[in-house]
Amino acid sequence: MAFDVAYVRGLIPSLGDGWIHLDPQAGMQIPDSVATAVTTSFRSLSAAPGGVYPSARASAEVVDGARRAIADLVGGDAAGVVLGPSRYALLSGLAEALAPHAWLRGDVVVTRQDDEPNIVPWLRAADRYGGRVRWAEVDVETGGLPAWQFGDLVTPETEVVAVTLASSTTGAITDISEIAPLVREAGALLVVDATNAAPYLSLDIHDLGADVLVVSAERWGGPRMAAMAFREPHLIERLRLMAMDPAARGPARLEPEPHQGAMLAGLVASVEHLAGLDESGIGKRRRRLVTSMDGVYEYLQRLTYYLVTTLSQLNHVNLVGTEDNRIPLASFTVESVGADKVVRRLADNGVCALADLPNRALARMGAPDFGGAVTVGLAPYSTPYEVDHLVRTLGSLA
């Protein structure tokens with residue numbers, strides 16, 4: 001059964017606002033099921049987990065449910081899922097939880113392809129303890145992150161390798177399968193930020209070989225919450241305690257404070273939404289997620305090819321990066337027109353796009369020299385008509 005974009009659009013009331021939403025990096029549009037779950041839970045989940053009374057037990061159940069939902073999303077174990085308010089908060093906690101002597105004797109590898117939440121925590125930890133930082137560079141022509149360079153960057157002294165699964169600007173997908181064996185041989189920790197890829201790809205933490213996989217729910221239409229999944233849950237017990245509760249066990253050891261139950265209910269609903277994007281999906285949630293994400297990927301691959309092809313045909317538009325293996329995102333510059341002016345013109349014509357995202361790869365590729373880059377992205381609710389409207393509007397800037 002073909003992916004039904006009309007069905008998907010019917011699940012998201014905000015798409016009736018008349019705007020074309022090509023800004024998924026700022027958060028995808030929220031499905032009605034997620035909004036309903038949050039508002040309903042705000043009325044009933046008022047207590048923190050830990051008590052024996054009904055509302056406390058209900059809050060504890062929604063925490064467990066959120067861990068299971070993320071485990072199904074990434075193909076992992078719920079016992080290894082740490083929940084938090086953001087990628088930055090989770091990764092900062094992880095960097096702090098590592099033993100200080102790791103930084104004193106070792107180094108960390110970060111990449112210019114990553115978003116700041118998977119760079120800054122490691123830079124700060126290395127600076128705090130005197131660790132060394134080594135940088136993986138982007139290919140300025142393709143916008144990809146060559147895996148071969150990690151053969152030189154990862155050494156026996158390496159403690160952490162932090163890398164993104166997909167770029168938030170060029171969409172280029174990183175070949176984690178080539179990097180993981182190098183990190184494993186060095187005995188280092190491989191931390192993969194899958195936030196940009198999660199709305200489009202079927203994830204499997206074991207196939208990727210990541211030790212830690214991070215995702216953020218707002219990127220697929222959930223609340224602004226994040227999760228950090230450990231491939232081997234027992235690794236959590238080796239880390240320093242971050243929780244205020246000294247008796248905390250399992251993933252709760254890395255969660256400083258109790259969660260807001262309503263947000264977790266929305267997180268669960270958002271994963272269920274992903275699992276239901278393809279009506280042909282049957283069986284348990286993990287199986288339905290794989291079916292749905294495969295359907296989303298196939299549909300958006302065709303639409304991405306159309307987007308990239310039509311943009312490249314505009315003489316005054318220059319695509320940043322040429323990588324074919326990508327999620328449905330693209331950045332471009334417009335000759336003699338600054339990025340801020342371009343997004344204002346797009347907004348005047350009902351198109352939501354983003355200008356000058358804080359991304360080290362764009363700076364490395366020279367986008368600021370051309371007035372900055374505009375970034376657009378597709379979602380499971382995007383249509384060919386919306387791509388056509390974008391291209392026509394850009395064409396009028398010539």
# chains A, B, ... in the order shown; residues from 1 in each chain; ligands from 1

call {"tool": "residues_around", "arguments": {"residues": "Val133 of chain A", "least_positions_apart": "5", "cutoff": "8 Å", "atoms": "only C-alpha atoms", "output": "NGL selection string"}}
result
:A and (107-110 or 123 or 126)

call {"tool": "closest_atom_pairs", "arguments": {"of": "segment 219-321 of chain A", "to": "segment 328-334 of chain A", "cutoff": "7 Å", "atoms": "only C-alpha atoms", "output": "JSON lines"}}
result
{"residue": "A:Leu300", "atom": "CA", "partner": "A:Pro328", "partner_atom": "CA", "distance": 6.5}
{"residue": "A:Gln301", "atom": "CA", "partner": "A:Pro328", "partner_atom": "CA", "distance": 6.9}
{"residue": "A:Thr304", "atom": "CA", "partner": "A:Pro328", "partner_atom": "CA", "distance": 5.3}
{"residue": "A:His316", "atom": "CA", "partner": "A:Val334", "partner_atom": "CA", "distance": 5.7}
{"residue": "A:Val317", "atom": "CA", "partner": "A:Val334", "partner_atom": "CA", "distance": 4.7}
{"residue": "A:Asn318", "atom": "CA", "partner": "A:Thr333", "partner_atom": "CA", "distance": 5.3}
{"residue": "A:Leu319", "atom": "CA", "partner": "A:Phe332", "partner_atom": "CA", "distance": 4.2}
{"residue": "A:Val320", "atom": "CA", "partner": "A:Phe332", "partner_atom": "CA", "distance": 5.2}

call {"tool": "residues_around", "arguments": {"residues": "Leu307 of chain A", "least_positions_apart": "4", "cutoff": "10 Å", "atoms": "only C-alpha atoms", "output": "MDAnalysis selection string"}}
result
chainID A and resid 300:303 311:312 328:330 376:378 384 386:388 390:391

call {"tool": "closest_residue", "arguments": {"among": "A:Ala2, A:Ala269, A:Pro31, A:Pro146", "to": "Leu15 of chain A", "atoms": "only C-alpha atoms"}}
result
A:Pro31

call {"tool": "atom_distance", "arguments": {"atom1": "atom CA of Ile205 of chain A", "atom2": "atom CA of Gly75 of chain A"}}
result
6.0 Å

call {"tool": "select_by_dssp", "arguments": {"residues": "segment 154-261 of chain A", "states": "alpha helix (DSSP H)", "output": "MDAnalysis selection string"}}
result
chainID A and resid 176:186 205:208 261

call {"tool": "residues_around", "arguments": {"residues": "segment 343-354 of chain A", "least_positions_apart": "3", "cutoff": "9 Å", "atoms": "only C-alpha atoms", "output": "ChimeraX atom specification"}}
result
/A:18-26,338-340,357,373-377,386,389-390,393-394,397

call {"tool": "atom_distance", "arguments": {"atom1": "atom CA of Phe370 of chain A", "atom2": "atom CA of Gly321 of chain A"}}
result
14.3 Å

call {"tool": "select_by_dssp", "arguments": {"residues": "segment 63-229 of chain A", "states": "strand (DSSP E)", "output": "PyMOL selection string"}}
result
chain A and resi 81-84+107-111+132-136+158-164+189-193+212-216+226-229

call {"tool": "atom_distance", "arguments": {"atom1": "atom CA of Ala71 of chain A", "atom2": "atom CA of Glu237 of chain A"}}
result
18.4 Å

call {"tool": "decode", "arguments": {"residues": "segment 266-289 of chain A", "atoms": "N, CA, C and O atoms", "output": "short mmCIF file (atom, residue, chain, number, x, y, z; two decimals), in the first residue's frame"}}
result
data_model
loop_
_atom_site.label_atom_id
_atom_site.label_comp_id
_atom_site.auth_asym_id
_atom_site.auth_seq_id
_atom_site.Cartn_x
_atom_site.Cartn_y
_atom_site.Cartn_z
N GLY A 266 2.64 12.87 26.22
CA GLY A 266 2.74 13.36 24.85
C GLY A 266 3.83 12.67 24.07
O GLY A 266 3.70 12.42 22.86
N LEU A 267 4.94 12.37 24.75
CA LEU A 267 6.03 11.65 24.11
C LEU A 267 5.57 10.27 23.63
O LEU A 267 5.84 9.87 22.49
N VAL A 268 4.87 9.56 24.48
CA VAL A 268 4.35 8.24 24.10
C VAL A 268 3.39 8.36 22.93
O VAL A 268 3.47 7.59 21.96
N ALA A 269 2.50 9.35 22.99
CA ALA A 269 1.53 9.55 21.90
C ALA A 269 2.24 9.88 20.59
O ALA A 269 1.79 9.47 19.50
N SER A 270 3.34 10.61 20.66
CA SER A 270 4.06 10.97 19.43
C SER A 270 4.71 9.76 18.78
O SER A 270 4.76 9.65 17.54
N VAL A 271 5.23 8.83 19.60
CA VAL A 271 5.80 7.61 19.04
C VAL A 271 4.70 6.74 18.43
O VAL A 271 4.86 6.15 17.36
N GLU A 272 3.54 6.70 19.10
CA GLU A 272 2.39 5.99 18.53
C GLU A 272 1.97 6.62 17.20
O GLU A 272 1.58 5.92 16.26
N HIS A 273 2.06 7.94 17.14
CA HIS A 273 1.73 8.64 15.88
C HIS A 273 2.67 8.18 14.77
O HIS A 273 2.22 7.88 13.65
N LEU A 274 3.97 8.12 15.06
CA LEU A 274 4.92 7.64 14.05
C LEU A 274 4.59 6.22 13.62
O LEU A 274 4.66 5.88 12.44
N ALA A 275 4.23 5.39 14.58
CA ALA A 275 3.92 3.99 14.27
C ALA A 275 2.67 3.85 13.42
O ALA A 275 2.48 2.83 12.75
N GLY A 276 1.82 4.87 13.42
CA GLY A 276 0.57 4.80 12.66
C GLY A 276 0.58 5.58 11.36
O GLY A 276 -0.47 5.73 10.73
N LEU A 277 1.74 6.08 10.93
CA LEU A 277 1.79 6.87 9.70
C LEU A 277 1.47 6.05 8.46
O LEU A 277 0.96 6.57 7.48
N ASP A 278 1.80 4.78 8.49
CA ASP A 278 1.50 3.88 7.37
C ASP A 278 0.39 2.94 7.83
O ASP A 278 0.61 2.11 8.73
N GLU A 279 -0.77 3.06 7.22
CA GLU A 279 -1.93 2.26 7.64
C GLU A 279 -1.75 0.77 7.43
O GLU A 279 -2.49 -0.03 7.99
N SER A 280 -0.76 0.39 6.63
CA SER A 280 -0.55 -1.04 6.38
C SER A 280 0.24 -1.71 7.50
O SER A 280 0.38 -2.93 7.51
N GLY A 281 0.78 -0.93 8.43
CA GLY A 281 1.55 -1.49 9.52
C GLY A 281 0.69 -2.30 10.48
O GLY A 281 -0.39 -1.85 10.88
N ILE A 282 1.16 -3.47 10.86
CA ILE A 282 0.42 -4.33 11.78
C ILE A 282 1.38 -4.88 12.84
O ILE A 282 2.59 -4.81 12.69
N GLY A 283 0.82 -5.43 13.89
CA GLY A 283 1.63 -6.08 14.91
C GLY A 283 2.03 -5.15 16.04
O GLY A 283 1.43 -4.11 16.27
N LYS A 284 3.09 -5.53 16.76
CA LYS A 284 3.56 -4.73 17.89
C LYS A 284 4.14 -3.40 17.41
O LYS A 284 4.46 -3.23 16.24
N ARG A 285 4.29 -2.49 18.36
CA ARG A 285 4.67 -1.12 18.01
C ARG A 285 6.00 -1.06 17.27
O ARG A 285 6.14 -0.29 16.30
N ARG A 286 6.98 -1.82 17.69
CA ARG A 286 8.27 -1.79 17.01
C ARG A 286 8.12 -2.17 15.54
O ARG A 286 8.68 -1.52 14.66
N ARG A 287 7.33 -3.19 15.27
CA ARG A 287 7.13 -3.62 13.89
C ARG A 287 6.38 -2.55 13.10
O ARG A 287 6.72 -2.26 11.94
N ARG A 288 5.37 -1.94 13.72
CA ARG A 288 4.63 -0.88 13.03
C ARG A 288 5.51 0.35 12.78
O ARG A 288 5.39 1.02 11.75
N LEU A 289 6.42 0.63 13.71
CA LEU A 289 7.34 1.75 13.51
C LEU A 289 8.25 1.51 12.31
O LEU A 289 8.46 2.42 11.49
#
